[in-house]
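Coordinates as given in my_file29.pdb (PDB, C-alpha atoms):
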```pdb
ATOM      1  CA  MET A   1      -5.156 -16.813  15.841
ATOM      2  CA  THR A   2      -2.350 -14.864  17.488
ATOM      3  CA  HIS A   3       1.139 -16.007  18.458
ATOM      4  CA  GLU A   4       2.802 -15.102  21.752
ATOM      5  CA  ASP A   5       6.225 -15.337  20.075
ATOM      6  CA  CYS A   6       5.279 -12.873  17.305
ATOM      7  CA  LEU A   7       6.149  -9.247  18.112
ATOM      8  CA  GLY A   8       3.498  -8.049  15.625
ATOM      9  CA  CYS A   9       0.803 -10.067  17.389
ATOM     10  CA  ARG A  10       1.877  -8.665  20.754
ATOM     11  CA  LEU A  11       1.930  -5.081  19.427
ATOM     12  CA  ALA A  12      -1.445  -5.407  17.680
ATOM     13  CA  ASN A  13      -3.013  -6.880  20.807
ATOM     14  CA  LYS A  14      -1.417  -4.332  23.133
ATOM     15  CA  SER A  15       0.668  -6.701  25.205
ATOM     16  CA  GLU A  16       3.625  -4.453  24.220
ATOM     17  CA  ASP A  17       3.688  -0.671  24.759
ATOM     18  CA  ILE A  18       2.320   1.165  21.739
ATOM     19  CA  TYR A  19       1.140   4.668  20.981
ATOM     20  CA  MET A  20      -2.237   3.721  19.577
ATOM     21  CA  VAL A  21      -4.155   6.112  17.346
ATOM     22  CA  TYR A  22      -7.079   3.892  16.286
ATOM     23  CA  GLU A  23      -8.448   0.353  16.519
ATOM     24  CA  ASP A  24     -11.473  -1.635  15.427
ATOM     25  CA  ASP A  25     -12.333  -5.348  15.684
ATOM     26  CA  TYR A  26      -9.724  -6.307  13.068
ATOM     27  CA  VAL A  27      -6.832  -3.845  13.193
ATOM     28  CA  THR A  28      -4.727  -1.773  15.564
ATOM     29  CA  CYS A  29      -3.080   1.431  14.331
ATOM     30  CA  PHE A  30      -0.178   2.956  16.222
ATOM     31  CA  LEU A  31       2.780   5.268  15.699
ATOM     32  CA  ASP A  32       5.961   3.889  14.129
ATOM     33  CA  HIS A  33       8.625   4.170  16.845
ATOM     34  CA  ASP A  34      11.119   5.413  14.234
ATOM     35  CA  PRO A  35       8.964   7.757  12.134
ATOM     36  CA  PHE A  36       9.969   8.979   8.665
ATOM     37  CA  ASN A  37       7.968  12.079   9.569
ATOM     38  CA  GLU A  38       5.756  12.995  12.508
ATOM     39  CA  GLY A  39       2.481  11.067  12.300
ATOM     40  CA  HIS A  40       3.948   8.008  10.511
ATOM     41  CA  THR A  41       1.506   5.254  11.478
ATOM     42  CA  LEU A  42       1.421   1.452  11.197
ATOM     43  CA  ILE A  43      -1.725  -0.615  10.633
ATOM     44  CA  LEU A  44      -1.533  -4.189  11.945
ATOM     45  CA  PRO A  45      -4.181  -6.914  11.895
ATOM     46  CA  LYS A  46      -5.012  -8.287  15.340
ATOM     47  CA  GLN A  47      -4.913 -11.820  13.949
ATOM     48  CA  HIS A  48      -1.615 -13.227  12.729
ATOM     49  CA  PHE A  49      -0.979 -12.784   8.995
ATOM     50  CA  LEU A  50       2.358 -12.397   7.233
ATOM     51  CA  ASP A  51       1.498 -11.405   3.674
ATOM     52  CA  VAL A  52      -1.302  -9.494   1.954
ATOM     53  CA  ASP A  53      -2.502 -12.593   0.088
ATOM     54  CA  GLU A  54      -3.208 -14.395   3.394
ATOM     55  CA  LEU A  55      -5.652 -11.749   4.667
ATOM     56  CA  ASP A  56      -9.342 -12.605   5.000
ATOM     57  CA  ASP A  57     -11.889 -10.210   3.446
ATOM     58  CA  GLU A  58     -12.912  -8.536   6.707
ATOM     59  CA  THR A  59      -9.324  -7.802   7.708
ATOM     60  CA  ALA A  60      -8.345  -6.625   4.212
ATOM     61  CA  ASN A  61     -11.277  -4.208   4.118
ATOM     62  CA  ALA A  62     -10.578  -2.991   7.670
ATOM     63  CA  ILE A  63      -6.954  -2.227   6.706
ATOM     64  CA  MET A  64      -8.043  -0.169   3.703
ATOM     65  CA  LYS A  65     -10.667   1.658   5.772
ATOM     66  CA  ALA A  66      -8.104   2.433   8.486
ATOM     67  CA  SER A  67      -5.619   3.715   5.891
ATOM     68  CA  ILE A  68      -8.293   6.138   4.640
ATOM     69  CA  LEU A  69      -9.075   7.352   8.160
ATOM     70  CA  ILE A  70      -5.410   7.822   9.057
ATOM     71  CA  SER A  71      -4.732   9.638   5.776
ATOM     72  CA  LYS A  72      -7.566  12.046   6.573
ATOM     73  CA  ALA A  73      -6.159  12.660  10.065
ATOM     74  CA  LEU A  74      -2.632  13.240   8.721
ATOM     75  CA  LYS A  75      -3.955  15.731   6.172
ATOM     76  CA  ARG A  76      -5.930  17.553   8.850
ATOM     77  CA  LEU A  77      -3.006  17.758  11.299
ATOM     78  CA  TYR A  78       0.025  18.183   9.048
ATOM     79  CA  GLN A  79      -1.075  19.218   5.538
ATOM     80  CA  PRO A  80       1.664  17.034   3.995
ATOM     81  CA  ASP A  81       2.549  17.401   0.295
ATOM     82  CA  GLY A  82       1.507  13.781  -0.085
ATOM     83  CA  ILE A  83       1.029  10.505   1.763
ATOM     84  CA  THR A  84       2.757   7.264   0.831
ATOM     85  CA  ILE A  85       1.277   3.955   1.801
ATOM     86  CA  ASN A  86       3.468   0.913   1.647
ATOM     87  CA  GLN A  87       3.655  -2.638   2.819
ATOM     88  CA  ASN A  88       6.655  -4.914   2.451
ATOM     89  CA  GLY A  89       6.024  -8.642   2.254
ATOM     90  CA  GLY A  90       8.025 -11.867   2.440
ATOM     91  CA  VAL A  91      11.631 -11.487   3.598
ATOM     92  CA  PHE A  92      11.226  -7.700   3.422
ATOM     93  CA  ASN A  93       8.718  -7.811   6.266
ATOM     94  CA  GLU A  94      11.062  -7.295   9.203
ATOM     95  CA  LEU A  95       8.268  -7.768  11.728
ATOM     96  CA  THR A  96       7.075 -11.134  10.288
ATOM     97  CA  HIS A  97       3.525  -9.835  10.802
ATOM     98  CA  TYR A  98       1.599  -7.922   8.131
ATOM     99  CA  HIS A  99       1.907  -4.162   8.614
ATOM    100  CA  MET A 100       1.002  -1.249   6.383
ATOM    101  CA  HIS A 101       2.848   2.055   6.722
ATOM    102  CA  VAL A 102       0.974   5.346   6.288
ATOM    103  CA  VAL A 103       3.612   8.067   5.905
ATOM    104  CA  PRO A 104       3.144  11.833   5.502
ATOM    105  CA  ARG A 105       5.716  13.283   3.091
ATOM    106  CA  TYR A 106       7.036  16.698   2.111
ATOM    107  CA  GLU A 107       8.644  17.997  -1.050
ATOM    108  CA  GLY A 108      12.436  17.953  -0.954
ATOM    109  CA  GLN A 109      12.607  14.671   0.996
ATOM    110  CA  TRP A 110      13.627  11.658  -1.051
ATOM    111  CA  PHE A 111      11.544   8.616  -0.157
ATOM    112  CA  GLY A 112      14.298   6.174  -1.134
ATOM    113  CA  ASP A 113      15.704   7.049   2.308
ATOM    114  CA  PHE A 114      12.757   5.173   3.812
ATOM    115  CA  TYR A 115      14.506   1.981   2.713
ATOM    116  CA  ARG A 116      17.880   2.736   4.349
ATOM    117  CA  GLU A 117      18.654   0.390   7.174
ATOM    118  CA  GLU A 118      19.702   2.482  10.093
ATOM    119  CA  ASP A 119      19.877   1.901  13.774
ATOM    120  CA  VAL A 120      16.936   3.403  15.536
ATOM    121  CA  GLY A 121      18.147   6.055  17.944
ATOM    122  CA  LYS A 122      16.643   6.644  21.327
ATOM    123  CA  VAL A 123      12.890   6.929  20.931
ATOM    124  CA  ASP A 124      11.401  10.108  22.350
ATOM    125  CA  VAL A 125       8.485   8.586  24.201
ATOM    126  CA  ARG A 126       7.023  11.935  25.272
ATOM    127  CA  GLU A 127       7.013  13.053  21.641
ATOM    128  CA  LEU A 128       5.195   9.850  20.550
ATOM    129  CA  GLU A 129       2.710  10.354  23.357
ATOM    130  CA  ARG A 130       2.026  13.937  22.261
ATOM    131  CA  VAL A 131       1.602  12.949  18.583
ATOM    132  CA  SER A 132      -0.666   9.982  19.325
ATOM    133  CA  GLY A 133      -2.875  12.252  21.430
ATOM    134  CA  ARG A 134      -3.259  14.662  18.508
ATOM    135  CA  MET A 135      -3.952  11.806  16.082
ATOM    136  CA  VAL A 136      -6.587  10.257  18.362
ATOM    137  CA  GLU A 137      -8.314  13.629  18.629
ATOM    138  CA  ALA A 138      -8.242  14.225  14.855
ATOM    139  CA  ILE A 139      -9.574  10.727  14.144
ATOM    140  CA  GLU A 140     -12.400  11.196  16.645
ATOM    141  CA  GLU A 141     -13.375  14.480  15.005
ATOM    142  CA  ILE A 142     -13.334  12.897  11.535
ATOM    143  CA  ARG A 143     -15.409   9.925  12.685
ATOM    144  CA  LYS A 144     -17.944  12.204  14.391
ATOM    145  CA  GLY A 145     -18.269  14.120  11.133
ATOM    146  CA  CYS A 146     -18.965  10.861   9.311
ATOM    147  CA  LEU A 147     -21.818  10.005  11.654
ATOM    148  CA  LEU A 148     -23.599  13.349  11.368
TER     149      LEU A 148
ATOM    150  CA  MET B   1     -16.881  10.111 -13.157
ATOM    151  CA  THR B   2     -13.902   9.929 -15.508
ATOM    152  CA  HIS B   3     -11.929  12.745 -17.142
ATOM    153  CA  GLU B   4     -10.805  12.658 -20.764
ATOM    154  CA  ASP B   5      -7.812  14.854 -19.878
ATOM    155  CA  CYS B   6      -6.612  12.469 -17.133
ATOM    156  CA  LEU B   7      -4.106   9.874 -18.367
ATOM    157  CA  GLY B   8      -5.019   7.575 -15.449
ATOM    158  CA  CYS B   9      -8.710   7.671 -16.414
ATOM    159  CA  ARG B  10      -7.831   6.862 -20.033
ATOM    160  CA  LEU B  11      -5.512   3.991 -18.986
ATOM    161  CA  ALA B  12      -8.027   2.529 -16.529
ATOM    162  CA  ASN B  13     -10.785   2.681 -19.116
ATOM    163  CA  LYS B  14      -8.628   1.284 -21.903
ATOM    164  CA  SER B  15      -8.693   4.257 -24.216
ATOM    165  CA  GLU B  16      -4.867   4.068 -24.069
ATOM    166  CA  ASP B  17      -2.866   0.929 -24.869
ATOM    167  CA  ILE B  18      -2.294  -1.145 -21.738
ATOM    168  CA  TYR B  19      -1.163  -4.676 -20.987
ATOM    169  CA  MET B  20      -4.084  -5.636 -18.789
ATOM    170  CA  VAL B  21      -3.828  -8.521 -16.359
ATOM    171  CA  TYR B  22      -7.181  -8.217 -14.537
ATOM    172  CA  GLU B  23     -10.265  -6.024 -14.232
ATOM    173  CA  ASP B  24     -13.565  -5.951 -12.372
ATOM    174  CA  ASP B  25     -16.339  -3.346 -12.178
ATOM    175  CA  TYR B  26     -14.202  -0.950 -10.150
ATOM    176  CA  VAL B  27     -10.527  -1.410 -11.059
ATOM    177  CA  THR B  28      -8.222  -2.151 -13.976
ATOM    178  CA  CYS B  29      -4.855  -3.831 -13.351
ATOM    179  CA  PHE B  30      -2.111  -3.647 -15.949
ATOM    180  CA  LEU B  31       1.666  -3.916 -16.243
ATOM    181  CA  ASP B  32       3.823  -0.927 -15.339
ATOM    182  CA  HIS B  33       5.527   0.121 -18.580
ATOM    183  CA  ASP B  34       8.789   0.639 -16.675
ATOM    184  CA  PRO B  35       8.812  -2.366 -14.304
ATOM    185  CA  PHE B  36      11.051  -2.583 -11.240
ATOM    186  CA  ASN B  37      10.929  -6.333 -11.884
ATOM    187  CA  GLU B  38       8.998  -8.500 -14.313
ATOM    188  CA  GLY B  39       5.348  -8.695 -13.267
ATOM    189  CA  HIS B  40       5.253  -5.208 -11.645
ATOM    190  CA  THR B  41       1.553  -4.316 -11.860
ATOM    191  CA  LEU B  42      -0.535  -1.177 -11.309
ATOM    192  CA  ILE B  43      -4.075  -1.136  -9.913
ATOM    193  CA  LEU B  44      -6.167   1.858 -11.000
ATOM    194  CA  PRO B  45      -9.790   2.673 -10.197
ATOM    195  CA  LYS B  46     -11.980   3.135 -13.264
ATOM    196  CA  GLN B  47     -13.516   6.222 -11.691
ATOM    197  CA  HIS B  48     -11.362   9.291 -11.129
ATOM    198  CA  PHE B  49      -9.784   9.516  -7.679
ATOM    199  CA  LEU B  50      -6.486  11.144  -6.730
ATOM    200  CA  ASP B  51      -5.842  10.075  -3.148
ATOM    201  CA  VAL B  52      -6.680   7.071  -0.987
ATOM    202  CA  ASP B  53      -8.939   9.116   1.303
ATOM    203  CA  GLU B  54     -11.218  10.020  -1.632
ATOM    204  CA  LEU B  55     -12.030   6.389  -2.509
ATOM    205  CA  ASP B  56     -15.546   5.060  -1.962
ATOM    206  CA  ASP B  57     -15.942   1.773  -0.043
ATOM    207  CA  GLU B  58     -16.568  -0.414  -3.100
ATOM    208  CA  THR B  59     -13.500   0.884  -4.924
ATOM    209  CA  ALA B  60     -11.286   0.671  -1.815
ATOM    210  CA  ASN B  61     -12.321  -2.947  -1.236
ATOM    211  CA  ALA B  62     -11.868  -3.815  -4.933
ATOM    212  CA  ILE B  63      -8.317  -2.391  -4.843
ATOM    213  CA  MET B  64      -7.408  -4.502  -1.821
ATOM    214  CA  LYS B  65      -8.974  -7.611  -3.378
ATOM    215  CA  ALA B  66      -7.091  -7.037  -6.633
ATOM    216  CA  SER B  67      -3.807  -6.572  -4.740
ATOM    217  CA  ILE B  68      -4.367  -9.965  -3.099
ATOM    218  CA  LEU B  69      -5.096 -11.647  -6.437
ATOM    219  CA  ILE B  70      -2.078 -10.087  -8.142
ATOM    220  CA  SER B  71       0.193 -11.013  -5.225
ATOM    221  CA  LYS B  72      -0.939 -14.632  -5.546
ATOM    222  CA  ALA B  73      -0.257 -14.600  -9.286
ATOM    223  CA  LEU B  74       3.208 -13.063  -8.800
ATOM    224  CA  LYS B  75       4.078 -15.692  -6.176
ATOM    225  CA  ARG B  76       2.881 -18.479  -8.481
ATOM    226  CA  LEU B  77       4.819 -17.205 -11.514
ATOM    227  CA  TYR B  78       7.988 -15.741 -10.020
ATOM    228  CA  GLN B  79       8.446 -16.985  -6.433
ATOM    229  CA  PRO B  80       9.789 -13.548  -5.395
ATOM    230  CA  ASP B  81      11.527 -13.116  -2.021
ATOM    231  CA  GLY B  82       8.777 -10.661  -1.180
ATOM    232  CA  ILE B  83       6.196  -8.309  -2.649
ATOM    233  CA  THR B  84       6.020  -4.599  -1.908
ATOM    234  CA  ILE B  85       2.788  -2.718  -2.300
ATOM    235  CA  ASN B  86       2.925   1.029  -2.434
ATOM    236  CA  GLN B  87       0.889   4.023  -3.369
ATOM    237  CA  ASN B  88       2.146   7.587  -3.520
ATOM    238  CA  GLY B  89      -0.377  10.356  -2.959
ATOM    239  CA  GLY B  90      -0.579  14.122  -3.368
ATOM    240  CA  VAL B  91       2.282  15.719  -5.306
ATOM    241  CA  PHE B  92       4.087  12.348  -5.295
ATOM    242  CA  ASN B  93       1.362  10.866  -7.504
ATOM    243  CA  GLU B  94       2.896  11.522 -10.920
ATOM    244  CA  LEU B  95      -0.185  10.212 -12.730
ATOM    245  CA  THR B  96      -2.653  12.478 -10.844
ATOM    246  CA  HIS B  97      -4.918   9.411 -10.621
ATOM    247  CA  TYR B  98      -4.842   6.939  -7.729
ATOM    248  CA  HIS B  99      -2.631   3.941  -8.531
ATOM    249  CA  MET B 100      -1.293   1.176  -6.344
ATOM    250  CA  HIS B 101       1.951  -0.592  -7.300
ATOM    251  CA  VAL B 102       2.331  -4.343  -6.684
ATOM    252  CA  VAL B 103       6.025  -5.135  -7.076
ATOM    253  CA  PRO B 104       7.801  -8.500  -6.834
ATOM    254  CA  ARG B 105      11.218  -8.135  -5.166
ATOM    255  CA  TYR B 106      14.362 -10.199  -4.737
ATOM    256  CA  GLU B 107      17.065 -10.192  -2.095
ATOM    257  CA  GLY B 108      20.080  -8.087  -3.017
ATOM    258  CA  GLN B 109      17.987  -5.387  -4.730
ATOM    259  CA  TRP B 110      17.616  -2.169  -2.776
ATOM    260  CA  PHE B 111      14.055  -0.839  -2.960
ATOM    261  CA  GLY B 112      15.157   2.772  -2.462
ATOM    262  CA  ASP B 113      16.022   2.582  -6.181
ATOM    263  CA  PHE B 114      12.282   2.433  -6.865
ATOM    264  CA  TYR B 115      12.201   6.123  -5.973
ATOM    265  CA  ARG B 116      14.966   7.230  -8.331
ATOM    266  CA  GLU B 117      13.680   9.429 -11.111
ATOM    267  CA  GLU B 118      15.040   8.058 -14.320
ATOM    268  CA  ASP B 119      14.058   8.380 -17.927
ATOM    269  CA  VAL B 120      12.112   5.392 -19.064
ATOM    270  CA  GLY B 121      14.021   3.684 -21.852
ATOM    271  CA  LYS B 122      12.372   2.147 -24.863
ATOM    272  CA  VAL B 123       9.591  -0.113 -23.676
ATOM    273  CA  ASP B 124       9.820  -3.681 -24.943
ATOM    274  CA  VAL B 125       6.217  -4.125 -25.992
ATOM    275  CA  ARG B 126       6.628  -7.801 -26.922
ATOM    276  CA  GLU B 127       8.012  -8.481 -23.470
ATOM    277  CA  LEU B 128       5.063  -6.750 -21.799
ATOM    278  CA  GLU B 129       2.703  -8.712 -24.018
ATOM    279  CA  ARG B 130       4.344 -11.997 -23.036
ATOM    280  CA  VAL B 131       4.287 -11.165 -19.310
ATOM    281  CA  SER B 132       0.672  -9.980 -19.335
ATOM    282  CA  GLY B 133      -0.339 -13.239 -21.052
ATOM    283  CA  ARG B 134       1.309 -15.254 -18.277
ATOM    284  CA  MET B 135      -0.269 -13.085 -15.577
ATOM    285  CA  VAL B 136      -3.753 -13.388 -17.092
ATOM    286  CA  GLU B 137      -3.365 -17.159 -17.204
ATOM    287  CA  ALA B 138      -2.139 -17.378 -13.592
ATOM    288  CA  ILE B 139      -4.973 -15.134 -12.367
ATOM    289  CA  GLU B 140      -7.550 -17.252 -14.212
ATOM    290  CA  GLU B 141      -6.176 -20.414 -12.608
ATOM    291  CA  ILE B 142      -6.244 -18.843  -9.141
ATOM    292  CA  ARG B 143      -9.805 -17.571  -9.617
ATOM    293  CA  LYS B 144     -10.965 -20.985 -10.862
ATOM    294  CA  GLY B 145      -9.439 -22.524  -7.740
ATOM    295  CA  CYS B 146     -11.390 -20.083  -5.581
ATOM    296  CA  LEU B 147     -14.678 -21.099  -7.175
ATOM    297  CA  LEU B 148     -14.198 -24.862  -6.741
TER     298      LEU B 148
END
```
Exercise: express the given structure as C-alpha cells:
Amino acid sequence: MTHEDCLGCRLANKSEDIYMVYEDDYVTCFLDHDPFNEGHTLILPKQHFLDVDELDDETANAIMKASILISKALKRLYQPDGITINQNGGVFNELTHYHMHVVPRYEGQWFGDFYREEDVGKVDVRELERVSGRMVEAIEEIRKGCLL
Amino acid sequence: MTHEDCLGCRLANKSEDIYMVYEDDYVTCFLDHDPFNEGHTLILPKQHFLDVDELDDETANAIMKASILISKALKRLYQPDGITINQNGGVFNELTHYHMHVVPRYEGQWFGDFYREEDVGKVDVRELERVSGRMVEAIEEIRKGCLL
C-alpha cells in the first residue's frame, strides 16, 4: 500500500523528481538531495512502512541487498575511507517513511555532523544528475559482473 | 571462517564474555558494553566479515531479521521515541568485524554524541546482566507470538 500524502511514498514511486541510481520490485534508491558526501544514497521501500520492525521479509532482504550493491558502487567510484549505513526510526524519521542512508565517509570528517539540523541550501540539480549517472553506470557494471 | 586474533570473531562466537540477547546460525546479538541508552544492542555475524558488501546472502538476511526482532523487543521494553540503526564500515569500524548497532533513542538527546570518542568508564556488569535478562525474555515472548 502507498499513500498519496506521504512524501516517501511519492519519492519511492517516482511521482516526485528523484535522481535514481537503482530499483527493484521492492525498493527505490536515489541520491540524497543534501548529501553528506558525493554519492550519499537513500534506499526507500516502494510500499509504505515507517519503521524497520514493520518491514515484510521480501522488503527487508531487498533493502539489505541494495545497501550491498550501493556500497560496492561507492567503493568503486570514490574509494571512501569507510561507508556508514544508518536508519533513523520513530520521531527521528523526518520523512515518516522508512529510509536507509548509505554514506561514503573520509578520515578527518566527524560523522556527528550528520545529525546537525541545518537548512538545505540550493540543490545543485546538474551535480545530482551527473553523480546519479555515474552511480547507475557503476551499478550496472557490478551487476553484469555478478551474472557472468 | 573465524579468526582467533579478531575480537569481533571471539565476541560473536562467545569466547569472550558477552551479555547475549539473541543468536541464530548466522549472527550473535549482545549488549554494547558502553550503551548510548539502556538496551543498545550489537549484531555481529559469526563468520568473519568486515564490511557490508562482503556479507553473503544468508548472513545479510539474518542481520536484517535480527534488527527487526531487537527493535520489537526495545519498543516493548522501553517505548523509545525512535530507534536508530547504524553500521560504520572501513576505517570507521573500530572492531574490524562487521557490527550493526540497534539503539533506542529519546527526544532531547542529540545523536551526534554517539560519534564522540570517549573513554569507556567502568562497565556495570550487573546492570548489563539485568538488561540482557529482560531483553532475552522480551525476545522469547515476541518469537512465541510469531509462532502462534
Taking only C-alpha atoms into account, find every residue of chain B that has an atom no more than 10 Å from chain A, and write it out as a PyMOL selection string. chain B and resi 51-58+60-73+75+80-93+100-107+110-116
Write out chain A, as a compact mmCIF listing (two decimals) with C-alpha atoms, in the frame of the given file, after superposing it onto chain B by least squares using every C-alpha atom paired in order.
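Generated output (superposed17.txt):
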```
# COMPACT_ATOMS: atom_id res chain seq x y z
CA MET A 1 -16.87 10.13 -13.15
CA THR A 2 -13.90 9.93 -15.50
CA HIS A 3 -11.93 12.73 -17.14
CA GLU A 4 -10.82 12.67 -20.77
CA ASP A 5 -7.82 14.85 -19.88
CA CYS A 6 -6.62 12.47 -17.14
CA LEU A 7 -4.11 9.87 -18.36
CA GLY A 8 -5.04 7.58 -15.44
CA CYS A 9 -8.71 7.67 -16.42
CA ARG A 10 -7.82 6.86 -20.03
CA LEU A 11 -5.52 3.99 -18.99
CA ALA A 12 -8.03 2.53 -16.52
CA ASN A 13 -10.79 2.69 -19.12
CA LYS A 14 -8.62 1.29 -21.91
CA SER A 15 -8.70 4.26 -24.23
CA GLU A 16 -4.86 4.08 -24.07
CA ASP A 17 -2.86 0.92 -24.86
CA ILE A 18 -2.29 -1.16 -21.74
CA TYR A 19 -1.15 -4.67 -20.98
CA MET A 20 -4.09 -5.64 -18.80
CA VAL A 21 -3.83 -8.53 -16.37
CA TYR A 22 -7.17 -8.21 -14.54
CA GLU A 23 -10.27 -6.03 -14.23
CA ASP A 24 -13.56 -5.96 -12.37
CA ASP A 25 -16.34 -3.35 -12.18
CA TYR A 26 -14.19 -0.95 -10.15
CA VAL A 27 -10.53 -1.42 -11.07
CA THR A 28 -8.22 -2.15 -13.98
CA CYS A 29 -4.86 -3.84 -13.36
CA PHE A 30 -2.10 -3.65 -15.94
CA LEU A 31 1.67 -3.92 -16.24
CA ASP A 32 3.82 -0.92 -15.32
CA HIS A 33 5.53 0.12 -18.57
CA ASP A 34 8.80 0.63 -16.67
CA PRO A 35 8.81 -2.37 -14.30
CA PHE A 36 11.05 -2.60 -11.23
CA ASN A 37 10.94 -6.34 -11.88
CA GLU A 38 9.01 -8.52 -14.31
CA GLY A 39 5.35 -8.69 -13.26
CA HIS A 40 5.25 -5.22 -11.63
CA THR A 41 1.56 -4.32 -11.85
CA LEU A 42 -0.53 -1.18 -11.31
CA ILE A 43 -4.08 -1.14 -9.92
CA LEU A 44 -6.17 1.85 -11.00
CA PRO A 45 -9.79 2.68 -10.19
CA LYS A 46 -11.97 3.14 -13.27
CA GLN A 47 -13.52 6.23 -11.70
CA HIS A 48 -11.36 9.29 -11.15
CA PHE A 49 -9.78 9.52 -7.68
CA LEU A 50 -6.49 11.15 -6.73
CA ASP A 51 -5.85 10.09 -3.14
CA VAL A 52 -6.69 7.07 -0.98
CA ASP A 53 -8.94 9.12 1.31
CA GLU A 54 -11.23 10.02 -1.63
CA LEU A 55 -12.03 6.39 -2.51
CA ASP A 56 -15.55 5.06 -1.96
CA ASP A 57 -15.95 1.77 -0.05
CA GLU A 58 -16.58 -0.41 -3.11
CA THR A 59 -13.50 0.88 -4.92
CA ALA A 60 -11.29 0.67 -1.81
CA ASN A 61 -12.31 -2.95 -1.24
CA ALA A 62 -11.87 -3.82 -4.93
CA ILE A 63 -8.31 -2.40 -4.84
CA MET A 64 -7.40 -4.51 -1.82
CA LYS A 65 -8.97 -7.61 -3.37
CA ALA A 66 -7.08 -7.04 -6.63
CA SER A 67 -3.80 -6.57 -4.74
CA ILE A 68 -4.35 -9.97 -3.09
CA LEU A 69 -5.09 -11.65 -6.43
CA ILE A 70 -2.08 -10.09 -8.14
CA SER A 71 0.19 -11.01 -5.22
CA LYS A 72 -0.95 -14.63 -5.53
CA ALA A 73 -0.25 -14.60 -9.28
CA LEU A 74 3.21 -13.06 -8.79
CA LYS A 75 4.07 -15.69 -6.18
CA ARG A 76 2.88 -18.48 -8.48
CA LEU A 77 4.81 -17.21 -11.52
CA TYR A 78 7.99 -15.75 -10.02
CA GLN A 79 8.44 -16.98 -6.44
CA PRO A 80 9.80 -13.55 -5.39
CA ASP A 81 11.53 -13.13 -2.01
CA GLY A 82 8.79 -10.66 -1.17
CA ILE A 83 6.20 -8.31 -2.64
CA THR A 84 6.02 -4.60 -1.90
CA ILE A 85 2.80 -2.72 -2.30
CA ASN A 86 2.93 1.03 -2.43
CA GLN A 87 0.88 4.02 -3.37
CA ASN A 88 2.13 7.58 -3.53
CA GLY A 89 -0.38 10.36 -2.95
CA GLY A 90 -0.57 14.13 -3.35
CA VAL A 91 2.29 15.71 -5.30
CA PHE A 92 4.08 12.35 -5.29
CA ASN A 93 1.37 10.87 -7.50
CA GLU A 94 2.89 11.53 -10.91
CA LEU A 95 -0.18 10.22 -12.72
CA THR A 96 -2.67 12.47 -10.83
CA HIS A 97 -4.93 9.41 -10.63
CA TYR A 98 -4.85 6.94 -7.74
CA HIS A 99 -2.64 3.94 -8.52
CA MET A 100 -1.29 1.16 -6.35
CA HIS A 101 1.94 -0.60 -7.31
CA VAL A 102 2.33 -4.34 -6.69
CA VAL A 103 6.03 -5.14 -7.08
CA PRO A 104 7.81 -8.51 -6.84
CA ARG A 105 11.21 -8.15 -5.16
CA TYR A 106 14.36 -10.20 -4.72
CA GLU A 107 17.07 -10.19 -2.09
CA GLY A 108 20.08 -8.09 -3.02
CA GLN A 109 17.99 -5.39 -4.73
CA TRP A 110 17.61 -2.18 -2.77
CA PHE A 111 14.07 -0.84 -2.97
CA GLY A 112 15.17 2.77 -2.47
CA ASP A 113 16.02 2.58 -6.18
CA PHE A 114 12.29 2.43 -6.87
CA TYR A 115 12.19 6.12 -5.97
CA ARG A 116 14.96 7.23 -8.36
CA GLU A 117 13.68 9.42 -11.12
CA GLU A 118 15.03 8.05 -14.34
CA ASP A 119 14.04 8.39 -17.92
CA VAL A 120 12.10 5.41 -19.08
CA GLY A 121 14.00 3.70 -21.87
CA LYS A 122 12.36 2.15 -24.87
CA VAL A 123 9.58 -0.11 -23.68
CA ASP A 124 9.81 -3.68 -24.94
CA VAL A 125 6.21 -4.13 -26.00
CA ARG A 126 6.63 -7.79 -26.94
CA GLU A 127 8.04 -8.49 -23.48
CA LEU A 128 5.05 -6.74 -21.80
CA GLU A 129 2.71 -8.71 -24.02
CA ARG A 130 4.36 -12.00 -23.04
CA VAL A 131 4.29 -11.16 -19.30
CA SER A 132 0.67 -9.98 -19.32
CA GLY A 133 -0.33 -13.23 -21.04
CA ARG A 134 1.32 -15.25 -18.27
CA MET A 135 -0.27 -13.09 -15.57
CA VAL A 136 -3.74 -13.39 -17.10
CA GLU A 137 -3.35 -17.17 -17.20
CA ALA A 138 -2.13 -17.37 -13.59
CA ILE A 139 -4.97 -15.14 -12.37
CA GLU A 140 -7.54 -17.24 -14.21
CA GLU A 141 -6.17 -20.41 -12.62
CA ILE A 142 -6.23 -18.83 -9.14
CA ARG A 143 -9.79 -17.57 -9.60
CA LYS A 144 -10.96 -20.97 -10.86
CA GLY A 145 -9.46 -22.53 -7.74
CA CYS A 146 -11.40 -20.07 -5.60
CA LEU A 147 -14.69 -21.08 -7.19
CA LEU A 148 -14.23 -24.82 -6.74
```
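Among the candidates A:Leu128, A:Pro45, A:Lys144, A:Ala138, the residue lying nearest to Gly8 in chain A is A:Pro45 (atoms considered: all atoms listed in the file).
When CA of Phe36 in chain A is paired with CA of Tyr19 in chain A, their separation reads 15.8 Å.
Closest to His40 in chain A among A:Leu7, A:Leu95, A:Ala12, A:Leu74 is A:Leu74, based on all atoms listed in the file.
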So which residues touch Lys122 in chain A within 12 Å, counting all atoms listed in the file, skipping near sequence neighbours fewer than 4 positions away, as an mmCIF file with C-alpha atoms, keeping the file's coordinate frame?
```cif
data_model
loop_
_atom_site.group_PDB
_atom_site.id
_atom_site.type_symbol
_atom_site.label_atom_id
_atom_site.label_comp_id
_atom_site.auth_asym_id
_atom_site.auth_seq_id
_atom_site.Cartn_x
_atom_site.Cartn_y
_atom_site.Cartn_z
ATOM 1 C CA HIS A 33 8.625 4.170 16.845
ATOM 2 C CA ASP A 34 11.119 5.413 14.234
ATOM 3 C CA ARG A 126 7.023 11.935 25.272
ATOM 4 C CA GLU A 127 7.013 13.053 21.641
ATOM 5 C CA LEU A 128 5.195 9.850 20.550
#
```
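Distance-wise, CA of Thr2 in chain A and CA of Leu44 in chain A end up 12.1 Å apart.
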With 3 Å of padding per side, what axis-aligned box (centre and edge lengths, Å, one decimal) covers all the listed atoms of range 57-74 of chain B? Give it as AutoDock Vina command-line options.
```
--center_x -6.7 --center_y -6.4 --center_z -4.7 --size_x 25.8 --size_y 22.4 --size_z 15.2
```
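Between CA of Asp5 in chain B and CA of Val131 in chain B the interatomic distance comes to 28.7 Å.
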